[in-house]
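What follows is a set of notes on a single structure, which appears directly below.
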There are 4 protein chains.
Amino acid sequence: MKIAVLGTGRIGAMHAELIATRVAGATVAGVFDVVPDAATATAQRLNVAAFGSVADVMASDADAVAICTSTPTHVDLIVAAAEAGKAIFCEKPVSLDLEEVDRGLAAVTAAGVPLHIGFNRRFDPSHAAVRAAVAAGEVGELRQLRISSRDPEPPPIDYVKVSGGIFLDMTIHDFDMARFVTGSEVVEVYATGSVMVDPAIGAEGDLDTVTVMLTHQNGVTTTIDNCRQSAFGYDQRVEAFGSLGIVASENHTATSTIRRSAAGSTGAVVPHFFLERYIPSYVYQWEQFVAAVRDGTQTPVTGADGRAPLVIGLAAKLSAVSNQPVRIS
Amino acid sequence: MKIAVLGTGRIGAMHAELIATRVAGATVAGVFDVVPDAATATAQRLNVAAFGSVADVMASDADAVAICTSTPTHVDLIVAAAEAGKAIFCEKPVSLDLEEVDRGLAAVTAAGVPLHIGFNRRFDPSHAAVRAAVAAGEVGELRQLRISSRDPEPPPIDYVKVSGGIFLDMTIHDFDMARFVTGSEVVEVYATGSVMVDPAIGAEGDLDTVTVMLTHQNGVTTTIDNCRQSAFGYDQRVEAFGSLGIVASENHTATSTIRRSAAGSTGAVVPHFFLERYIPSYVYQWEQFVAAVRDGTQTPVTGADGRAPLVIGLAAKLSAVSNQPVRIS
Amino acid sequence: MKIAVLGTGRIGAMHAELIATRVAGATVAGVFDVVPDAATATAQRLNVAAFGSVADVMASDADAVAICTSTPTHVDLIVAAAEAGKAIFCEKPVSLDLEEVDRGLAAVTAAGVPLHIGFNRRFDPSHAAVRAAVAAGEVGELRQLRISSRDPEPPPIDYVKVSGGIFLDMTIHDFDMARFVTGSEVVEVYATGSVMVDPAIGAEGDLDTVTVMLTHQNGVTTTIDNCRQSAFGYDQRVEAFGSLGIVASENHTATSTIRRSAAGSTGAVVPHFFLERYIPSYVYQWEQFVAAVRDGTQTPVTGADGRAPLVIGLAAKLSAVSNQPVRIS
Amino acid sequence: MKIAVLGTGRIGAMHAELIATRVAGATVAGVFDVVPDAATATAQRLNVAAFGSVADVMASDADAVAICTSTPTHVDLIVAAAEAGKAIFCEKPVSLDLEEVDRGLAAVTAAGVPLHIGFNRRFDPSHAAVRAAVAAGEVGELRQLRISSRDPEPPPIDYVKVSGGIFLDMTIHDFDMARFVTGSEVVEVYATGSVMVDPAIGAEGDLDTVTVMLTHQNGVTTTIDNCRQSAFGYDQRVEAFGSLGIVASENHTATSTIRRSAAGSTGAVVPHFFLERYIPSYVYQWEQFVAAVRDGTQTPVTGADGRAPLVIGLAAKLSAVSNQPVRIS
């Protein structure tokens, strides 16, 4: 499968490299970026072509496109790729605007092309094992879910301005995880938050520390703790409690080295951020995307899976502002 | 210090035995129970006197009383003991009725006797180390607190009927822990819950699985997960997240034995319930109570500390019924 | 059962207190020490009698004696107690002289009284679970055993002089553990050691850091690491490897509190020394001793169990001196 | 740097793939195998050339060779590569014959080419952190080292026949680790072993379960536990004990997922074998080899580092046969 990569920023360049070197059965058909020099740099490093325009990409013999550009451009590219008959991999979020999401999904449906949304954490072996255990009934009847999700440092304030806010930019991953692990839709949201990390984030009307409670259709309650800053590194833990016990994914550590001294025992630090923590999940995601497109089966994260967390995120924003639980119809 | 123990049920008998055998500087002045045979049994086992009436206790030379009777009798006994000039140790909750609590506290204030409320978990070395670390600034500015608190099995339904409901009977310990660790009063409560363990609990108008979000005066958010049933044993964990990292108390295990097999590594079970898990905390609590009374210093858990969690619990009940956050004035 | 405690040094005073307060079915018949003031102090604290002489003890109605005096006095006291028909609990080692041991065991056999040697670590729940798992076949065919056993600090040099050397004083516990976990006698010993902690220990002809390899009759190899000083506290770990995996007892920790910071995760310190680490094992040992004597069953650690580690220890001394493996016939 | 890979069996094919995809600054100059089809398969998969002969490799413009062929061919290839002026990466062991090793090292010295021996475990981040901590004095004065090293399953019996025996094939990695972590040469070896996994291994005159004690020049004692079969997966642990405490590398786990049930807590399995466990170490090794050759600095594992473990291994064989400690002169 030949995959054209659109957008060669940090995440796009990573996807291109993974496809080129670590994904069996896939090659990079070429890369494109609105900044030609960025595309050229990645193209040269990987010894692949740099496309001159989106039209060139769509006219090429690429089987699939990986949309890794800025969020506002996603839907137009989805529509163009759908019309060109390409299989589509789109980074999250599809869009910050629900109508736009629906326009994109409609184009995909009309064209009948595969669409996958890049919620890579579903493919992390530790989280995936939690989902698998829940699905297999290993915790019995699921009762409560806890997600601790904290970034090591806040993004630049310029990014905060266009991010759509913490609920749509950061918690959206956790909304997806909650749906994934419980296997049940969210029917109500209660969100609260504050500015504890950086007043500049508050000045943009955003929050940096939020706690969210979700009620799922099956009665399970999910609580999510988010913070834009975590001194000990990237905090990524999911804990499912049910009638037979708990299944939880703990943080990974950089090494397995332990020190024992008069001060106690000290374990290694956790990986700093997503590139260190989640690289294997990106590889597994590509493998499953490639396999699904090749076999004509459902992509592992659908357009509906891209839409639902946005709906939850918009409800969370409303809840935080109104200090009221918000129903999702 | 001679301590008379009132009530020789499970918790009272335990207190009497601990005072008799493990608390330096304290002895059991005698025991009393409304069921004389129960008092006699404990008295004989510990080789101490059995009092014939509450009046006898109050007229005795006991320096202090340990009130371990059923909740509805607490306030009358507090008042009697205060009038008799005894130092008072009272099991939680003081009462399920806020006016009654205030009547008891008023009598204590009027008499000028020491009063301590039995929130023993504060004296557990693992939780106490969390509080100490937060107070010492080891986590920097506190941001979020998580409490997982689950009993191994629900109490008998007859107990559920008179318990005051899960928020006043079980979560009240966690409300105290939240105040203790954060060092900050609770200003708002949002509670949600369901019946997932036993429909008989629901038939009594009670819940068995609840999730509560507290907002503290200092802006910290606490989330509490409670369940009346935990297949893996007594779940007792507190996790404080702040600007410098996390301090958390994990569950204890019955042994340190680890098994490694083709199925992975398996650690020991957690202690089944509070008698196994918290015995040391009860001893430390007695030691600090005895020291405070002896030295004329403040008892470690005051009457106000007994009152506040009741207020939070009543607000949580209201929140769960109304599905609205409830302010605490 | 009335138990007279002989010797009220640190270990004897502890036994007396445990019997008085924590062992159901047993009481302290009185205490004796060659230093009368020491006996009186313990007697007053526990509100029991102080015997004036060993003869008084043997003539008393005590059912059993706990021999906690200095090692050279053990055998004479065993003989006296046997002749007096008392059940005998004797601290390890029975003697540093094999002929003396045999004299004591012969007196016990002749009198037909119960004898138990105080290898308390067998009763530690974590180590006992390792033995139980091996005995139950949970590790399959046992292949290799590892024991890490290190004291926090060396004893006073005056103690070192009369200790019999590290192999008979410290490693003897591990020789017992090796026999206990494997359930197989030792047939060969290879020992090596050095002075790395304190030259004063070397000046006494002793070692402070030793590594020992044992070959058991069943072909299993045990390696033991000993050191008289461990900066992180009392190191007490046993790891059994077999065809189905590993069962191991890890060190205990003072609390379950974990800190996560930019420096990694930090767990609590390990208990400093045996009084903190092994108190429960002493209680369980007394319970099983009392039950065995009461029921007329075999005491859990026999005279032969007291003799065998001494034989291994003497072979280890010889091996360390000769730098040759030493067979045990 | 252009690296020709000699030998495209499991390890050679892995090296070729890592160089091709994961090592910045290095490319595969081509591959060679005595079985041409094997070379062609790897060459096609990686889109590189397949050499027709060793002579072609040596005549090519490759800057370096990676010798991944069978052990008996190593020295001839080292000599040929040295004469051709290539930088040399050679898999361990250099040879099973000490004279042959010396012939190879002499050719390297004469040619002045870089030589690196593939003891990849030194580059594992967890073990490397142990070495770094010891070297930095974090454990104070080093006293005792423990290495647990067990393969998941024994190799095919045909491999056992030509392996040189467990000490030269398997323990040799641990001899290297002992030298690496202690930073001190081995002066005496005592080895013992048995056949507990498969009688067929014994029929070849080999052992499958061995325990080795090493005495280092600096007085430190290392104990090594080896077994050809480990039911719980690849056991790879190193524990350094010194005057300030312990630094240890624990086993890695496939995920961080934990299950808590009535049976206790269960962690994930350990990676099955070296390809899963040590892939990062192979990448880091290549990076350091490439950097050293590029910068003209010492390769991280020298020819002397390849020779020393062989000397220890031969002494261990002799010790196991004679049941005597063997000095290394």
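Within each chain, counting starts at residue 1; across the structure tokens, chains are named A, B, ... in the order shown, with ligands numbered 1 upward in that order.
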Requested in this report: Give as an MDAnalysis selection string every residue of chain D that touches chain A within 10 Å, counting only C-alpha atoms.
Outcome: chainID D and resid 17:18 20:22 46 124:130 133 138:139 237:268
Tell me, as a JSON list (two decimals) with all heavy atoms, in the first residue's frame, which residues lie within 7 Å of D:Asp235, counting only C-alpha atoms; anything in the same chain fewer than 4 positions away does not count.
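Generated output (result-v1.json):
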[["chain", "number", "residue", "atom", "x", "y", "z"],
["D", 148, "SER", "N", 20.88, -12.79, 37.42],
["D", 148, "SER", "CA", 19.95, -13.88, 37.09],
["D", 148, "SER", "C", 19.77, -13.84, 35.59],
["D", 148, "SER", "O", 19.32, -12.83, 35.04],
["D", 148, "SER", "CB", 18.59, -13.66, 37.77],
["D", 148, "SER", "OG", 18.72, -13.68, 39.17],
["D", 149, "SER", "N", 20.11, -14.92, 34.94],
["D", 149, "SER", "CA", 20.11, -14.93, 33.48],
["D", 149, "SER", "C", 19.61, -16.28, 33.00],
["D", 149, "SER", "O", 20.32, -17.28, 33.13],
["D", 149, "SER", "CB", 21.55, -14.65, 32.99],
["D", 149, "SER", "OG", 21.65, -14.79, 31.61],
["D", 150, "ARG", "N", 18.40, -16.29, 32.52],
["D", 150, "ARG", "CA", 17.79, -17.57, 32.13],
["D", 150, "ARG", "C", 17.06, -17.40, 30.80],
["D", 150, "ARG", "O", 16.31, -16.45, 30.63],
["D", 150, "ARG", "CB", 16.80, -18.01, 33.21],
["D", 150, "ARG", "CG", 17.48, -18.30, 34.56],
["D", 150, "ARG", "CD", 16.48, -18.53, 35.66],
["D", 150, "ARG", "NE", 17.14, -18.92, 36.90],
["D", 150, "ARG", "CZ", 17.01, -18.26, 38.06],
["D", 150, "ARG", "NH1", 16.27, -17.17, 38.15],
["D", 150, "ARG", "NH2", 17.63, -18.69, 39.14],
["D", 151, "ASP", "N", 17.30, -18.35, 29.91],
["D", 151, "ASP", "CA", 16.63, -18.34, 28.61],
["D", 151, "ASP", "C", 15.24, -18.95, 28.74],
["D", 151, "ASP", "O", 15.01, -19.79, 29.60],
["D", 151, "ASP", "CB", 17.44, -19.17, 27.61],
["D", 151, "ASP", "CG", 18.68, -18.45, 27.15],
["D", 151, "ASP", "OD1", 18.86, -17.27, 27.48],
["D", 151, "ASP", "OD2", 19.48, -19.08, 26.44],
["D", 251, "ASN", "N", 13.35, -7.29, 35.45],
["D", 251, "ASN", "CA", 12.83, -7.70, 34.15],
["D", 251, "ASN", "C", 11.86, -6.68, 33.59],
["D", 251, "ASN", "O", 11.14, -6.02, 34.35],
["D", 251, "ASN", "CB", 12.14, -9.07, 34.26],
["D", 251, "ASN", "CG", 13.14, -10.20, 34.30],
["D", 251, "ASN", "OD1", 14.12, -10.20, 33.55],
["D", 251, "ASN", "ND2", 12.92, -11.17, 35.17]]
Query raised in the report: Among stretch 55-246 of chain B, which ones does DSSP place in alpha helix (DSSP H), written as a PyMOL selection string?
Result: chain B and resi 55-59+74-83+98-111+125-135+157-162+166-169+171-182+199-203
Requested in this report: Using only C-alpha atoms, determine which residues lie at most 10 Å from D:Ala308, disregarding the query and same-chain residues fewer than 2 positions distant; provide the list as number ranges by chain.
Outcome: D: 98, 172, 175-176, 179, 185-186, 303-306, 310-313
Report task. From the DSSP assignment of the backbone, select every residue of stretch 107-212 of chain B that is strand (DSSP E or B), and format the answer as an NGL selection string. Result -> :B and (115-117 or 142-150 or 186-194 or 209-212)
**Report entry** Distance query D:Ala39 at most 9 Å, only C-alpha atoms, self and fewer than 2 positions along chain excluded, as a ChimeraX atom specification
**Finding:** /D:6-9,13,31-37,41-44,49-51
Can those selected residues be exported to a file as a PDB file, in the first residue's frame so that it contains N, CA, C and O atoms?
ATOM      1  N   LEU D   6      27.653  -9.853   7.124  1.00  0.00           N
ATOM      2  CA  LEU D   6      28.059 -11.217   6.768  1.00  0.00           C
ATOM      3  C   LEU D   6      27.271 -12.192   7.638  1.00  0.00           C
ATOM      4  O   LEU D   6      27.399 -12.171   8.861  1.00  0.00           O
ATOM      5  N   GLY D   7      26.498 -13.047   6.989  1.00  0.00           N
ATOM      6  CA  GLY D   7      25.659 -13.978   7.731  1.00  0.00           C
ATOM      7  C   GLY D   7      24.264 -13.388   7.862  1.00  0.00           C
ATOM      8  O   GLY D   7      24.094 -12.329   8.478  1.00  0.00           O
ATOM      9  N   THR D   8      23.273 -14.049   7.281  1.00  0.00           N
ATOM     10  CA  THR D   8      21.902 -13.507   7.339  1.00  0.00           C
ATOM     11  C   THR D   8      20.968 -14.485   8.037  1.00  0.00           C
ATOM     12  O   THR D   8      19.823 -14.679   7.637  1.00  0.00           O
ATOM     13  N   GLY D   9      21.504 -15.155   9.057  1.00  0.00           N
ATOM     14  CA  GLY D   9      20.624 -15.933   9.930  1.00  0.00           C
ATOM     15  C   GLY D   9      19.793 -14.967  10.772  1.00  0.00           C
ATOM     16  O   GLY D   9      19.692 -13.778  10.461  1.00  0.00           O
ATOM     17  N   ALA D  13      20.199 -11.071  10.015  1.00  0.00           N
ATOM     18  CA  ALA D  13      19.074 -10.420   9.342  1.00  0.00           C
ATOM     19  C   ALA D  13      18.549  -9.266  10.201  1.00  0.00           C
ATOM     20  O   ALA D  13      18.189  -8.202   9.687  1.00  0.00           O
ATOM     21  N   VAL D  31      24.619  -7.617   1.713  1.00  0.00           N
ATOM     22  CA  VAL D  31      24.646  -8.741   2.646  1.00  0.00           C
ATOM     23  C   VAL D  31      25.268  -9.955   1.963  1.00  0.00           C
ATOM     24  O   VAL D  31      25.251 -10.075   0.733  1.00  0.00           O
ATOM     25  N   PHE D  32      25.820 -10.843   2.786  1.00  0.00           N
ATOM     26  CA  PHE D  32      26.403 -12.076   2.265  1.00  0.00           C
ATOM     27  C   PHE D  32      26.007 -13.224   3.176  1.00  0.00           C
ATOM     28  O   PHE D  32      25.929 -13.069   4.394  1.00  0.00           O
ATOM     29  N   ASP D  33      25.793 -14.399   2.546  1.00  0.00           N
ATOM     30  CA  ASP D  33      25.601 -15.608   3.344  1.00  0.00           C
ATOM     31  C   ASP D  33      26.120 -16.791   2.541  1.00  0.00           C
ATOM     32  O   ASP D  33      26.074 -16.771   1.308  1.00  0.00           O
ATOM     33  N   VAL D  34      26.615 -17.799   3.251  1.00  0.00           N
ATOM     34  CA  VAL D  34      27.093 -18.992   2.534  1.00  0.00           C
ATOM     35  C   VAL D  34      25.933 -19.687   1.829  1.00  0.00           C
ATOM     36  O   VAL D  34      26.143 -20.426   0.866  1.00  0.00           O
ATOM     37  N   VAL D  35      24.735 -19.450   2.315  1.00  0.00           N
ATOM     38  CA  VAL D  35      23.536 -19.933   1.616  1.00  0.00           C
ATOM     39  C   VAL D  35      23.023 -18.765   0.787  1.00  0.00           C
ATOM     40  O   VAL D  35      22.389 -17.844   1.324  1.00  0.00           O
ATOM     41  N   PRO D  36      23.295 -18.763  -0.514  1.00  0.00           N
ATOM     42  CA  PRO D  36      22.953 -17.586  -1.338  1.00  0.00           C
ATOM     43  C   PRO D  36      21.487 -17.185  -1.234  1.00  0.00           C
ATOM     44  O   PRO D  36      21.170 -15.997  -1.199  1.00  0.00           O
ATOM     45  N   ASP D  37      20.582 -18.152  -1.143  1.00  0.00           N
ATOM     46  CA  ASP D  37      19.162 -17.804  -1.074  1.00  0.00           C
ATOM     47  C   ASP D  37      18.836 -16.988   0.177  1.00  0.00           C
ATOM     48  O   ASP D  37      17.969 -16.106   0.155  1.00  0.00           O
ATOM     49  N   ALA D  41      17.207 -13.297   0.041  1.00  0.00           N
ATOM     50  CA  ALA D  41      15.926 -12.982   0.691  1.00  0.00           C
ATOM     51  C   ALA D  41      16.049 -11.697   1.514  1.00  0.00           C
ATOM     52  O   ALA D  41      15.197 -10.797   1.421  1.00  0.00           O
ATOM     53  N   THR D  42      17.099 -11.617   2.309  1.00  0.00           N
ATOM     54  CA  THR D  42      17.283 -10.408   3.119  1.00  0.00           C
ATOM     55  C   THR D  42      17.564  -9.196   2.231  1.00  0.00           C
ATOM     56  O   THR D  42      17.039  -8.092   2.471  1.00  0.00           O
ATOM     57  N   ALA D  43      18.384  -9.415   1.213  1.00  0.00           N
ATOM     58  CA  ALA D  43      18.735  -8.315   0.311  1.00  0.00           C
ATOM     59  C   ALA D  43      17.479  -7.743  -0.352  1.00  0.00           C
ATOM     60  O   ALA D  43      17.298  -6.517  -0.436  1.00  0.00           O
ATOM     61  N   GLN D  44      16.618  -8.598  -0.809  1.00  0.00           N
ATOM     62  CA  GLN D  44      15.408  -8.118  -1.487  1.00  0.00           C
ATOM     63  C   GLN D  44      14.490  -7.392  -0.519  1.00  0.00           C
ATOM     64  O   GLN D  44      13.910  -6.357  -0.836  1.00  0.00           O
ATOM     65  N   ALA D  49      22.068  -4.814  -2.004  1.00  0.00           N
ATOM     66  CA  ALA D  49      22.765  -5.809  -2.823  1.00  0.00           C
ATOM     67  C   ALA D  49      23.064  -7.077  -2.034  1.00  0.00           C
ATOM     68  O   ALA D  49      23.207  -7.040  -0.818  1.00  0.00           O
ATOM     69  N   ALA D  50      23.146  -8.199  -2.750  1.00  0.00           N
ATOM     70  CA  ALA D  50      23.644  -9.444  -2.162  1.00  0.00           C
ATOM     71  C   ALA D  50      25.021  -9.714  -2.749  1.00  0.00           C
ATOM     72  O   ALA D  50      25.172  -9.781  -3.977  1.00  0.00           O
ATOM     73  N   PHE D  51      26.021  -9.835  -1.867  1.00  0.00           N
ATOM     74  CA  PHE D  51      27.372 -10.130  -2.357  1.00  0.00           C
ATOM     75  C   PHE D  51      27.477 -11.609  -2.717  1.00  0.00           C
ATOM     76  O   PHE D  51      26.846 -12.462  -2.074  1.00  0.00           O
TER      77      PHE D  51
END
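Proximity to stretch 82-92 of chain B at 6 Å, evaluated using only C-alpha atoms and with sequence-adjacent residues fewer than 5 positions away removed, yields Met58, Asp63, Ala64, Val65, Ala66, Ile67, Cys68, Val108, Ala111, Val113, Pro114, Leu115, His116, Ile117 and Gly118 of chain B.
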With all heavy atoms retained, export the selected residues as an mmCIF file, in the first residue's frame.
data_model
loop_
_atom_site.group_PDB
_atom_site.id
_atom_site.type_symbol
_atom_site.label_atom_id
_atom_site.label_comp_id
_atom_site.auth_asym_id
_atom_site.auth_seq_id
_atom_site.Cartn_x
_atom_site.Cartn_y
_atom_site.Cartn_z
ATOM 1 N N MET B 58 -19.844 6.949 84.451
ATOM 2 C CA MET B 58 -19.595 8.378 84.628
ATOM 3 C C MET B 58 -19.179 8.697 86.072
ATOM 4 O O MET B 58 -18.449 9.658 86.316
ATOM 5 C CB MET B 58 -20.838 9.190 84.248
ATOM 6 C CG MET B 58 -21.264 9.007 82.783
ATOM 7 S SD MET B 58 -19.903 9.320 81.586
ATOM 8 C CE MET B 58 -20.632 8.643 80.070
ATOM 9 N N ASP B 63 -10.613 8.219 83.554
ATOM 10 C CA ASP B 63 -10.216 9.542 83.071
ATOM 11 C C ASP B 63 -10.886 9.883 81.743
ATOM 12 O O ASP B 63 -11.059 11.048 81.402
ATOM 13 C CB ASP B 63 -8.698 9.583 82.870
ATOM 14 C CG ASP B 63 -7.948 9.226 84.145
ATOM 15 O OD1 ASP B 63 -8.130 9.959 85.137
ATOM 16 O OD2 ASP B 63 -7.216 8.220 84.136
ATOM 17 N N ALA B 64 -11.200 8.837 81.012
ATOM 18 C CA ALA B 64 -11.726 9.057 79.664
ATOM 19 C C ALA B 64 -12.715 7.967 79.304
ATOM 20 O O ALA B 64 -12.702 6.888 79.902
ATOM 21 C CB ALA B 64 -10.573 9.043 78.652
ATOM 22 N N VAL B 65 -13.580 8.277 78.344
ATOM 23 C CA VAL B 65 -14.492 7.256 77.824
ATOM 24 C C VAL B 65 -14.263 7.105 76.327
ATOM 25 O O VAL B 65 -13.945 8.067 75.632
ATOM 26 C CB VAL B 65 -15.979 7.612 78.069
ATOM 27 C CG1 VAL B 65 -16.279 7.658 79.558
ATOM 28 C CG2 VAL B 65 -16.341 8.933 77.397
ATOM 29 N N ALA B 66 -14.429 5.856 75.879
ATOM 30 C CA ALA B 66 -14.394 5.569 74.446
ATOM 31 C C ALA B 66 -15.809 5.188 74.043
ATOM 32 O O ALA B 66 -16.312 4.142 74.458
ATOM 33 C CB ALA B 66 -13.424 4.433 74.159
ATOM 34 N N ILE B 67 -16.459 6.058 73.259
ATOM 35 C CA ILE B 67 -17.863 5.831 72.888
ATOM 36 C C ILE B 67 -17.918 5.038 71.590
ATOM 37 O O ILE B 67 -17.634 5.549 70.509
ATOM 38 C CB ILE B 67 -18.615 7.173 72.755
ATOM 39 C CG1 ILE B 67 -18.531 7.941 74.083
ATOM 40 C CG2 ILE B 67 -20.056 6.953 72.310
ATOM 41 C CD1 ILE B 67 -19.134 9.343 74.033
ATOM 42 N N CYS B 68 -18.279 3.755 71.721
ATOM 43 C CA CYS B 68 -18.269 2.830 70.582
ATOM 44 C C CYS B 68 -19.637 2.177 70.426
ATOM 45 O O CYS B 68 -19.751 1.081 69.880
ATOM 46 C CB CYS B 68 -17.206 1.754 70.792
ATOM 47 S SG CYS B 68 -15.598 2.416 71.252
ATOM 48 N N VAL B 108 -19.556 19.719 75.067
ATOM 49 C CA VAL B 108 -18.100 19.551 75.198
ATOM 50 C C VAL B 108 -17.435 20.899 75.438
ATOM 51 O O VAL B 108 -16.566 21.041 76.311
ATOM 52 C CB VAL B 108 -17.534 18.860 73.941
ATOM 53 C CG1 VAL B 108 -16.018 18.970 73.909
ATOM 54 C CG2 VAL B 108 -17.992 17.404 73.893
ATOM 55 N N ALA B 111 -18.136 22.149 78.909
ATOM 56 C CA ALA B 111 -17.410 21.432 79.960
ATOM 57 C C ALA B 111 -15.906 21.594 79.843
ATOM 58 O O ALA B 111 -15.171 21.323 80.792
ATOM 59 C CB ALA B 111 -17.776 19.941 79.916
ATOM 60 N N VAL B 113 -13.904 19.756 78.124
ATOM 61 C CA VAL B 113 -13.205 18.461 78.103
ATOM 62 C C VAL B 113 -12.647 18.195 76.712
ATOM 63 O O VAL B 113 -13.147 18.722 75.721
ATOM 64 C CB VAL B 113 -14.151 17.302 78.514
ATOM 65 C CG1 VAL B 113 -14.573 17.471 79.973
ATOM 66 C CG2 VAL B 113 -15.360 17.239 77.582
ATOM 67 N N PRO B 114 -11.611 17.370 76.637
ATOM 68 C CA PRO B 114 -11.086 16.998 75.315
ATOM 69 C C PRO B 114 -12.067 16.082 74.580
ATOM 70 O O PRO B 114 -12.706 15.224 75.201
ATOM 71 C CB PRO B 114 -9.795 16.235 75.628
ATOM 72 C CG PRO B 114 -9.488 16.509 77.072
ATOM 73 C CD PRO B 114 -10.809 16.796 77.730
ATOM 74 N N LEU B 115 -12.177 16.275 73.271
ATOM 75 C CA LEU B 115 -13.020 15.409 72.427
ATOM 76 C C LEU B 115 -12.231 15.031 71.188
ATOM 77 O O LEU B 115 -11.626 15.895 70.534
ATOM 78 C CB LEU B 115 -14.296 16.154 72.000
ATOM 79 C CG LEU B 115 -15.148 15.460 70.921
ATOM 80 C CD1 LEU B 115 -15.734 14.146 71.443
ATOM 81 C CD2 LEU B 115 -16.260 16.389 70.444
ATOM 82 N N HIS B 116 -12.265 13.741 70.885
ATOM 83 C CA HIS B 116 -11.585 13.237 69.684
ATOM 84 C C HIS B 116 -12.556 12.364 68.910
ATOM 85 O O HIS B 116 -13.241 11.515 69.474
ATOM 86 C CB HIS B 116 -10.355 12.412 70.104
ATOM 87 C CG HIS B 116 -9.699 11.717 68.959
ATOM 88 N ND1 HIS B 116 -8.631 12.256 68.268
ATOM 89 C CD2 HIS B 116 -9.953 10.525 68.360
ATOM 90 C CE1 HIS B 116 -8.266 11.432 67.300
ATOM 91 N NE2 HIS B 116 -9.052 10.376 67.340
ATOM 92 N N ILE B 117 -12.622 12.580 67.581
ATOM 93 C CA ILE B 117 -13.504 11.770 66.725
ATOM 94 C C ILE B 117 -12.651 10.713 66.023
ATOM 95 O O ILE B 117 -11.591 11.011 65.492
ATOM 96 C CB ILE B 117 -14.212 12.648 65.681
ATOM 97 C CG1 ILE B 117 -14.849 13.875 66.356
ATOM 98 C CG2 ILE B 117 -15.255 11.830 64.913
ATOM 99 C CD1 ILE B 117 -15.837 13.558 67.448
ATOM 100 N N GLY B 118 -13.150 9.478 66.007
ATOM 101 C CA GLY B 118 -12.336 8.335 65.603
ATOM 102 C C GLY B 118 -12.110 8.144 64.114
ATOM 103 O O GLY B 118 -12.342 7.047 63.593
#
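The neighbours of stretch 162-166 of chain B here are the residues that come within 9 Å of it, using only C-alpha atoms and leaving out any residue fewer than 3 positions away in the same chain; they are Thr71, Leu96, Asp158, Tyr159, Asp169, Met170, Thr171, Ile172, Gly205, Asp206, Leu207, Asp208, Thr209, Val210, Asn226, Arg228, Gly313 and Lys317 of chain B.
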